[in-house]
file upload-v4.cif (mmCIF, C-alpha atoms)
data_start
loop_
_atom_site.label_atom_id
_atom_site.label_comp_id
_atom_site.auth_asym_id
_atom_site.auth_seq_id
_atom_site.Cartn_x
_atom_site.Cartn_y
_atom_site.Cartn_z
CA MET A 158 -53.81 -7.16 34.55
CA ILE A 159 -54.68 -4.00 36.47
CA LEU A 160 -51.83 -1.98 34.94
CA ASP A 161 -53.41 -2.47 31.52
CA SER A 162 -56.32 -0.32 32.72
CA PHE A 163 -53.99 2.67 32.95
CA GLN A 164 -52.74 2.38 29.38
CA LEU A 165 -53.73 5.17 26.95
CA THR A 166 -52.27 3.69 23.77
CA GLY A 167 -54.28 4.80 20.75
CA LYS A 168 -56.04 7.60 22.66
CA VAL A 169 -56.08 11.26 21.62
CA ALA A 170 -55.85 13.82 24.41
CA VAL A 171 -56.54 17.56 24.14
CA VAL A 172 -54.67 19.60 26.75
CA THR A 173 -55.20 23.35 26.99
CA GLY A 174 -52.47 25.59 28.37
CA CYS A 175 -49.69 23.01 28.10
CA ASP A 176 -46.76 25.18 27.00
CA THR A 177 -45.22 25.20 30.51
CA GLY A 178 -45.77 24.12 34.10
CA LEU A 179 -48.59 21.86 35.17
CA GLY A 180 -50.10 21.59 31.70
CA GLN A 181 -46.77 20.53 30.26
CA GLY A 182 -46.36 17.93 33.00
CA MET A 183 -49.83 16.50 32.37
CA ALA A 184 -49.30 16.39 28.59
CA ARG A 185 -46.02 14.55 29.15
CA ALA A 186 -47.65 12.07 31.51
CA LEU A 187 -50.46 11.29 29.06
CA ALA A 188 -47.89 10.70 26.35
CA GLN A 189 -45.90 8.43 28.65
CA ALA A 190 -49.07 6.37 29.07
CA GLY A 191 -49.43 6.12 25.30
CA ALA A 192 -51.68 9.00 24.20
CA ASP A 193 -51.15 11.35 21.28
CA VAL A 194 -51.54 14.97 22.38
CA VAL A 195 -53.26 18.03 20.95
CA GLY A 196 -51.95 21.14 22.67
CA VAL A 197 -54.05 24.32 22.66
CA ASN A 198 -52.01 27.37 23.61
CA VAL A 199 -51.52 31.07 22.97
CA THR A 200 -47.74 30.67 22.62
CA ALA A 201 -45.60 28.00 21.01
CA PRO A 202 -45.41 24.85 23.18
CA SER A 203 -42.03 23.95 21.68
CA GLU A 204 -40.60 22.17 24.72
CA THR A 205 -43.84 20.29 25.37
CA GLN A 206 -43.93 19.12 21.77
CA ARG A 207 -40.32 18.00 22.02
CA GLN A 208 -41.04 16.01 25.19
CA VAL A 209 -44.13 14.32 23.75
CA GLU A 210 -42.48 13.43 20.47
CA SER A 211 -39.36 12.14 22.24
CA LEU A 212 -41.67 9.53 23.79
CA GLY A 213 -42.70 8.33 20.35
CA ARG A 214 -46.10 10.01 20.47
CA ARG A 215 -47.59 12.55 18.06
CA PHE A 216 -48.24 16.20 18.97
CA LEU A 217 -50.53 18.72 17.25
CA ASP A 218 -49.84 22.38 18.00
CA LEU A 219 -53.04 24.48 17.90
CA ARG A 220 -52.97 28.19 18.76
CA ALA A 221 -55.97 30.01 20.18
CA ASN A 222 -57.00 32.70 22.62
CA LEU A 223 -59.46 30.80 24.78
CA ALA A 224 -60.97 34.04 26.05
CA ASP A 225 -63.07 33.74 22.87
CA VAL A 226 -65.24 30.62 23.04
CA GLY A 227 -66.05 31.10 19.36
CA CYS A 228 -62.75 29.42 18.49
CA ILE A 229 -63.70 26.14 20.16
CA PRO A 230 -65.68 24.41 17.34
CA GLY A 231 -62.81 24.99 14.90
CA LEU A 232 -60.27 23.60 17.36
CA ILE A 233 -62.38 20.48 17.85
CA GLU A 234 -62.68 19.94 14.10
CA ARG A 235 -58.95 20.31 13.54
CA ALA A 236 -58.13 17.99 16.44
CA LYS A 237 -60.62 15.38 15.22
CA ALA A 238 -59.30 15.55 11.67
CA TRP A 239 -55.75 15.03 12.92
CA GLY A 240 -56.44 12.31 15.46
CA GLY A 241 -59.46 10.63 13.90
CA ARG A 242 -61.29 10.87 17.24
CA LEU A 243 -61.05 12.47 20.68
CA ASP A 244 -60.82 10.56 23.95
CA ILE A 245 -59.51 12.89 26.66
CA LEU A 246 -59.85 16.59 27.44
CA VAL A 247 -57.77 18.36 30.10
CA ASN A 248 -59.05 21.88 30.76
CA ASN A 249 -55.87 23.37 32.19
CA ALA A 250 -55.68 26.86 30.66
CA GLY A 251 -56.36 29.62 33.17
CA ILE A 252 -55.45 33.14 34.25
CA ILE A 253 -55.31 35.03 37.53
CA ARG A 254 -55.58 38.71 38.50
CA ARG A 255 -54.53 40.00 41.93
CA GLU A 256 -56.04 43.04 43.65
CA ASP A 257 -57.79 43.88 46.92
CA ALA A 258 -61.49 43.00 46.70
CA ILE A 259 -62.41 46.58 47.57
CA LYS A 260 -60.64 47.81 44.42
CA PHE A 261 -61.17 44.85 42.06
CA SER A 262 -62.27 45.90 38.57
CA GLU A 263 -65.12 44.56 36.46
CA LYS A 264 -62.67 43.82 33.64
CA ASP A 265 -60.44 41.68 35.86
CA TRP A 266 -63.56 39.88 37.06
CA ASP A 267 -64.88 39.20 33.55
CA ASP A 268 -61.50 38.22 32.07
CA VAL A 269 -60.80 35.57 34.71
CA ILE A 270 -64.33 34.18 34.87
CA GLY A 271 -64.36 34.00 31.07
CA VAL A 272 -61.22 31.90 30.68
CA ASN A 273 -61.35 29.88 33.89
CA LEU A 274 -65.05 29.02 33.98
CA LYS A 275 -66.96 29.93 30.81
CA THR A 276 -64.34 28.44 28.50
CA VAL A 277 -64.03 25.30 30.64
CA PHE A 278 -67.77 24.70 30.32
CA PHE A 279 -68.06 25.36 26.59
CA PHE A 280 -64.90 23.41 25.71
CA SER A 281 -66.27 20.50 27.74
CA GLN A 282 -69.64 20.82 26.03
CA ALA A 283 -68.07 20.73 22.57
CA VAL A 284 -65.92 17.71 23.41
CA ALA A 285 -68.86 15.91 25.03
CA ARG A 286 -70.83 16.39 21.82
CA GLN A 287 -67.96 14.76 19.95
CA TYR A 288 -67.90 11.88 22.43
CA LEU A 289 -71.64 11.37 21.92
CA ALA A 290 -71.18 11.38 18.15
CA GLN A 291 -68.42 8.76 18.48
CA GLY A 292 -70.64 6.66 20.74
CA SER A 293 -67.76 5.47 22.88
CA GLY A 294 -67.67 7.84 25.84
CA GLY A 295 -64.60 9.74 26.96
CA LYS A 296 -62.84 11.59 29.76
CA ILE A 297 -62.97 15.25 30.80
CA ILE A 298 -60.54 16.47 33.46
CA ASN A 299 -60.88 20.02 34.77
CA VAL A 300 -58.19 21.81 36.74
CA ALA A 301 -59.53 23.29 39.96
CA SER A 302 -57.48 24.74 42.84
CA MET A 303 -57.09 24.92 46.60
CA LEU A 304 -59.19 28.07 46.19
CA SER A 305 -62.05 25.85 45.07
CA PHE A 306 -62.32 25.10 48.80
CA GLN A 307 -60.84 28.18 50.47
CA GLY A 308 -61.36 31.91 50.04
CA GLY A 309 -57.84 33.18 49.57
CA VAL A 310 -57.05 36.90 49.50
CA ARG A 311 -56.75 39.42 46.67
CA VAL A 312 -58.00 36.96 44.03
CA PRO A 313 -61.80 37.29 44.07
CA SER A 314 -62.48 36.31 40.45
CA TYR A 315 -59.98 33.44 40.58
CA THR A 316 -61.60 32.08 43.75
CA ALA A 317 -65.05 32.38 42.21
CA SER A 318 -63.95 30.72 38.98
CA LYS A 319 -62.23 27.78 40.65
CA SER A 320 -65.14 27.25 43.03
CA GLY A 321 -67.34 27.21 39.95
CA VAL A 322 -65.11 24.63 38.25
CA VAL A 323 -65.87 22.14 41.02
CA GLY A 324 -69.59 22.87 40.71
CA ILE A 325 -69.83 22.44 36.95
CA THR A 326 -67.64 19.33 37.16
CA ARG A 327 -70.35 17.77 39.32
CA LEU A 328 -73.13 19.08 37.08
CA MET A 329 -71.59 17.70 33.89
CA ALA A 330 -70.87 14.37 35.59
CA ASN A 331 -74.52 14.12 36.65
CA GLU A 332 -75.75 14.67 33.11
CA TRP A 333 -73.14 12.76 31.12
CA ALA A 334 -72.07 9.79 33.26
CA GLY A 335 -74.86 7.70 31.78
CA HIS A 336 -73.27 8.19 28.34
CA GLY A 337 -69.89 6.85 29.44
CA ILE A 338 -68.42 10.34 29.82
CA ASN A 339 -66.43 10.74 33.03
CA VAL A 340 -66.04 14.32 34.24
CA ASN A 341 -63.70 14.89 37.19
CA ALA A 342 -61.22 17.52 38.38
CA ILE A 343 -57.77 17.87 39.89
CA ALA A 344 -57.10 20.56 42.51
CA PRO A 345 -53.36 21.27 42.68
CA GLY A 346 -51.89 22.75 45.82
CA TYR A 347 -48.84 25.01 45.96
CA MET A 348 -46.77 23.97 42.97
CA ALA A 349 -43.26 24.98 41.91
CA THR A 350 -44.09 26.58 38.56
CA ASN A 351 -43.57 29.92 36.86
CA ASN A 352 -46.78 31.20 38.44
CA THR A 353 -45.39 30.77 41.96
CA ALA A 354 -41.84 31.99 41.29
CA ALA A 355 -42.41 35.24 43.20
CA LEU A 356 -43.86 33.42 46.19
CA ARG A 357 -40.97 30.99 46.32
CA ALA A 358 -38.47 33.83 46.02
CA ASP A 359 -39.95 35.48 49.11
CA ALA A 360 -38.21 33.50 51.86
CA THR A 361 -40.66 34.50 54.60
CA ARG A 362 -43.77 33.76 52.55
CA SER A 363 -42.32 30.52 51.18
CA GLN A 364 -41.45 29.29 54.66
CA ALA A 365 -44.95 30.07 55.91
CA ILE A 366 -46.43 28.05 53.07
CA LEU A 367 -44.09 25.11 53.60
CA GLU A 368 -44.93 25.03 57.31
CA ARG A 369 -48.61 24.65 56.36
CA ILE A 370 -47.99 21.71 53.98
CA PRO A 371 -47.74 18.36 55.82
CA ALA A 372 -45.52 16.95 53.05
CA GLY A 373 -43.08 19.79 53.74
CA ARG A 374 -42.34 20.70 50.11
CA TRP A 375 -43.74 22.48 47.09
CA GLY A 376 -45.49 20.26 44.59
CA LEU A 377 -44.00 19.50 41.17
CA PRO A 378 -45.65 19.05 37.77
CA ASP A 379 -44.76 15.35 37.98
CA ASP A 380 -46.95 15.06 41.08
CA LEU A 381 -49.95 15.41 38.77
CA ALA A 382 -48.80 12.61 36.46
CA GLY A 383 -50.43 9.74 38.35
CA PRO A 384 -53.76 11.51 39.01
CA VAL A 385 -54.19 12.75 35.44
CA VAL A 386 -53.37 9.36 33.91
CA PHE A 387 -55.76 7.67 36.34
CA LEU A 388 -58.61 10.05 35.52
CA ALA A 389 -57.88 9.75 31.79
CA SER A 390 -57.82 5.96 31.80
CA LYS A 391 -60.19 3.01 32.04
CA ALA A 392 -59.11 2.64 35.66
CA SER A 393 -61.40 5.57 36.58
CA ASP A 394 -64.49 4.43 34.66
CA TYR A 395 -66.65 4.51 37.83
CA VAL A 396 -65.29 7.81 39.15
CA ASN A 397 -67.68 10.67 38.34
CA GLY A 398 -67.90 14.26 39.54
CA TYR A 399 -65.00 14.06 41.98
CA THR A 400 -62.22 16.56 42.62
CA VAL A 401 -58.87 15.04 43.57
CA ALA A 402 -56.71 17.32 45.72
CA VAL A 403 -52.99 17.01 44.94
CA ASP A 404 -51.73 19.29 47.67
CA GLY A 405 -49.26 17.51 49.97
CA GLY A 406 -51.96 17.45 52.64
CA TRP A 407 -52.74 21.20 52.62
CA LEU A 408 -56.51 20.69 52.92
CA ALA A 409 -56.09 18.15 55.69
CA ARG A 410 -54.66 20.78 58.05
#
call {"tool": "encode", "arguments": {"input": "upload-v4.cif", "output": "structure tokens"}}
result
Amino acid sequence: MILDSFQLTGKVAVVTGCDTGLGQGMARALAQAGADVVGVNVTAPSETQRQVESLGRRFLDLRANLADVGCIPGLIERAKAWGGRLDILVNNAGIIRREDAIKFSEKDWDDVIGVNLKTVFFFSQAVARQYLAQGSGGKIINVASMLSFQGGVRVPSYTASKSGVVGITRLMANEWAGHGINVNAIAPGYMATNNTAALRADATRSQAILERIPAGRWGLPDDLAGPVVFLASKASDYVNGYTVAVDGGWLAR
């Protein structure tokens, strides 16, 4: 039956930045489909852990500052020791800095590029090596953005990093698809999370955004549930190097 292809029972998923918002929603969705979850965060993902465990799945809480890629091998070892194997990676952790391009600092450039692009590549590389050692393939899901396709304003390093995420998603898919490793990305649109609280509180700005979204509403973390489970499951075994926009039609305008 086709629905069996979406089942993740027995799988181990690593989700970075899952303490709140979109990462929490994706971790919950993977657990609903049957996966055990390894959360990698700077702060305690207490609510995420509660949600995953309430579904009867296991949760491993790992803490790390992903600005330092040197922590990645240790995280992989601890996750593998706990789960016995790795099957899914969701590179969700990211940061943003806002300033006019004319005044943007080198530090804000380097900080954002480091977490949003460098860490995504090297975490993917480390997990892909584990997949190759296991000999059974696996799934890598990167989190891109509407600014992977558009320029935006006052977020130069974020725009560059998210454009780069789409590029390296394709690159890794080209090199690893033949080994049964599927690398794809999700590009969320305007989502109702902590990161957009200020935008949503500004009635004028919020209305302008809503008027631009054909669906007529802000997205929710649950809107990513179907796409992330699809890309994490056997159902997407012949999907490689693609970025799925989950944006209420924003890019179609």
call {"tool": "resolve_selection", "arguments": {"input": "upload-v4.cif", "expression": "the PyMOL selection byres ((chain A and resi 347-362) around 7)", "output": "PDB file with C-alpha atoms, in the coordinates of the input"}}
result
ATOM      1  CA  GLY A 178     -45.770  24.120  34.100  1.00  0.00           C
ATOM      2  CA  PRO A 345     -53.360  21.270  42.680  1.00  0.00           C
ATOM      3  CA  GLY A 346     -51.890  22.750  45.820  1.00  0.00           C
ATOM      4  CA  SER A 363     -42.320  30.520  51.180  1.00  0.00           C
ATOM      5  CA  GLN A 364     -41.450  29.290  54.660  1.00  0.00           C
ATOM      6  CA  ALA A 365     -44.950  30.070  55.910  1.00  0.00           C
ATOM      7  CA  ILE A 366     -46.430  28.050  53.070  1.00  0.00           C
ATOM      8  CA  TRP A 375     -43.740  22.480  47.090  1.00  0.00           C
ATOM      9  CA  GLY A 376     -45.490  20.260  44.590  1.00  0.00           C
ATOM     10  CA  LEU A 377     -44.000  19.500  41.170  1.00  0.00           C
ATOM     11  CA  ASP A 404     -51.730  19.290  47.670  1.00  0.00           C
TER      12      ASP A 404
END
call {"tool": "closest_residue", "arguments": {"input": "upload-v4.cif", "among": "A:Val284, A:Leu187, A:Ile259, A:Val247", "to": "Trp333 in chain A", "atoms": "all atoms listed in the file"}}
result
A:Val284
call {"tool": "resolve_selection", "arguments": {"input": "upload-v4.cif", "expression": "the PyMOL selection byres ((chain A and resi 231-244) around 10)", "output": "ChimeraX atom specification"}}
result
/A:165,167-171,192-197,215-221,227-230,245-246,280,283-285,287-288,290-291,293-297,338,389-390
call {"tool": "atom_distance", "arguments": {"input": "upload-v4.cif", "atom1": "CA of Leu223 in chain A", "atom2": "CA of Ala184 in chain A"}}
result
18.0 Å
call {"tool": "resolve_selection", "arguments": {"input": "upload-v4.cif", "expression": "the PyMOL selection byres ((chain A and resi 391) around 9)", "output": "list in words"}}
result
Asp161, Ser162, Phe163, Gln164, Leu165, Phe387, Leu388, Ala389, Ser390, Ala392, Ser393, Asp394 and Tyr395 of chain A
call {"tool": "axis_aligned_box", "arguments": {"input": "upload-v4.cif", "around": "range 266-278 of chain A", "padding_each_side": "8 Å", "output": "lines of an AutoDock Vina configuration file"}}
result
center_x = -64.3
center_y = 32.3
center_z = 32.8
size_x = 23.0
size_y = 31.2
size_z = 24.6
call {"tool": "residues_around", "arguments": {"input": "upload-v4.cif", "residues": "Pro313 in chain A", "least_positions_apart": "2", "cutoff": "10 Å", "atoms": "all atoms listed in the file", "output": "NGL selection string"}}
result
:A and (253-259 or 261 or 265-266 or 269 or 304 or 308-311 or 315-318)
call {"tool": "atom_distance", "arguments": {"input": "upload-v4.cif", "atom1": "CA of Leu408 in chain A", "atom2": "CA of Ile370 in chain A"}}
result
8.6 Å
call {"tool": "decode", "arguments": {"input": "upload-v4.cif", "residues": "range 202-218 of chain A", "atoms": "N, CA and C atoms", "output": "PDB file, in the first residue's frame"}}
result
ATOM      1  N   PRO A 202      15.390  21.685  24.503  1.00  0.00           N
ATOM      2  CA  PRO A 202      14.181  21.490  23.703  1.00  0.00           C
ATOM      3  C   PRO A 202      13.104  20.760  24.494  1.00  0.00           C
ATOM      4  N   SER A 203      12.800  21.269  25.690  1.00  0.00           N
ATOM      5  CA  SER A 203      11.941  20.526  26.618  1.00  0.00           C
ATOM      6  C   SER A 203      10.575  20.209  26.038  1.00  0.00           C
ATOM      7  N   GLU A 204       9.940  21.192  25.397  1.00  0.00           N
ATOM      8  CA  GLU A 204       8.605  20.976  24.846  1.00  0.00           C
ATOM      9  C   GLU A 204       8.654  20.016  23.661  1.00  0.00           C
ATOM     10  N   THR A 205       9.680  20.144  22.835  1.00  0.00           N
ATOM     11  CA  THR A 205       9.827  19.226  21.701  1.00  0.00           C
ATOM     12  C   THR A 205      10.003  17.796  22.200  1.00  0.00           C
ATOM     13  N   GLN A 206      10.842  17.624  23.199  1.00  0.00           N
ATOM     14  CA  GLN A 206      11.043  16.288  23.768  1.00  0.00           C
ATOM     15  C   GLN A 206       9.735  15.730  24.317  1.00  0.00           C
ATOM     16  N   ARG A 207       8.981  16.588  24.991  1.00  0.00           N
ATOM     17  CA  ARG A 207       7.700  16.133  25.543  1.00  0.00           C
ATOM     18  C   ARG A 207       6.767  15.676  24.430  1.00  0.00           C
ATOM     19  N   GLN A 208       6.706  16.453  23.341  1.00  0.00           N
ATOM     20  CA  GLN A 208       5.810  16.109  22.239  1.00  0.00           C
ATOM     21  C   GLN A 208       6.222  14.800  21.573  1.00  0.00           C
ATOM     22  N   VAL A 209       7.509  14.627  21.351  1.00  0.00           N
ATOM     23  CA  VAL A 209       7.993  13.404  20.699  1.00  0.00           C
ATOM     24  C   VAL A 209       7.724  12.192  21.584  1.00  0.00           C
ATOM     25  N   GLU A 210       8.048  12.303  22.851  1.00  0.00           N
ATOM     26  CA  GLU A 210       7.885  11.163  23.749  1.00  0.00           C
ATOM     27  C   GLU A 210       6.423  10.853  24.014  1.00  0.00           C
ATOM     28  N   SER A 211       5.553  11.869  23.924  1.00  0.00           N
ATOM     29  CA  SER A 211       4.116  11.618  24.105  1.00  0.00           C
ATOM     30  C   SER A 211       3.547  10.786  22.964  1.00  0.00           C
ATOM     31  N   LEU A 212       4.285  10.730  21.848  1.00  0.00           N
ATOM     32  CA  LEU A 212       3.880   9.926  20.697  1.00  0.00           C
ATOM     33  C   LEU A 212       4.441   8.498  20.774  1.00  0.00           C
ATOM     34  N   GLY A 213       5.138   8.213  21.868  1.00  0.00           N
ATOM     35  CA  GLY A 213       5.703   6.883  22.034  1.00  0.00           C
ATOM     36  C   GLY A 213       7.049   6.701  21.365  1.00  0.00           C
ATOM     37  N   ARG A 214       7.671   7.801  20.953  1.00  0.00           N
ATOM     38  CA  ARG A 214       8.975   7.727  20.308  1.00  0.00           C
ATOM     39  C   ARG A 214      10.056   8.203  21.269  1.00  0.00           C
ATOM     40  N   ARG A 215      11.291   7.829  21.013  1.00  0.00           N
ATOM     41  CA  ARG A 215      12.413   8.242  21.850  1.00  0.00           C
ATOM     42  C   ARG A 215      12.976   9.584  21.380  1.00  0.00           C
ATOM     43  N   PHE A 216      13.588  10.318  22.315  1.00  0.00           N
ATOM     44  CA  PHE A 216      14.193  11.611  21.985  1.00  0.00           C
ATOM     45  C   PHE A 216      15.530  11.738  22.698  1.00  0.00           C
ATOM     46  N   LEU A 217      16.582  12.081  21.959  1.00  0.00           N
ATOM     47  CA  LEU A 217      17.903  12.337  22.527  1.00  0.00           C
ATOM     48  C   LEU A 217      18.193  13.821  22.433  1.00  0.00           C
ATOM     49  N   ASP A 218      18.474  14.442  23.561  1.00  0.00           N
ATOM     50  CA  ASP A 218      18.757  15.870  23.642  1.00  0.00           C
ATOM     51  C   ASP A 218      20.267  16.092  23.592  1.00  0.00           C
TER      52      ASP A 218
END
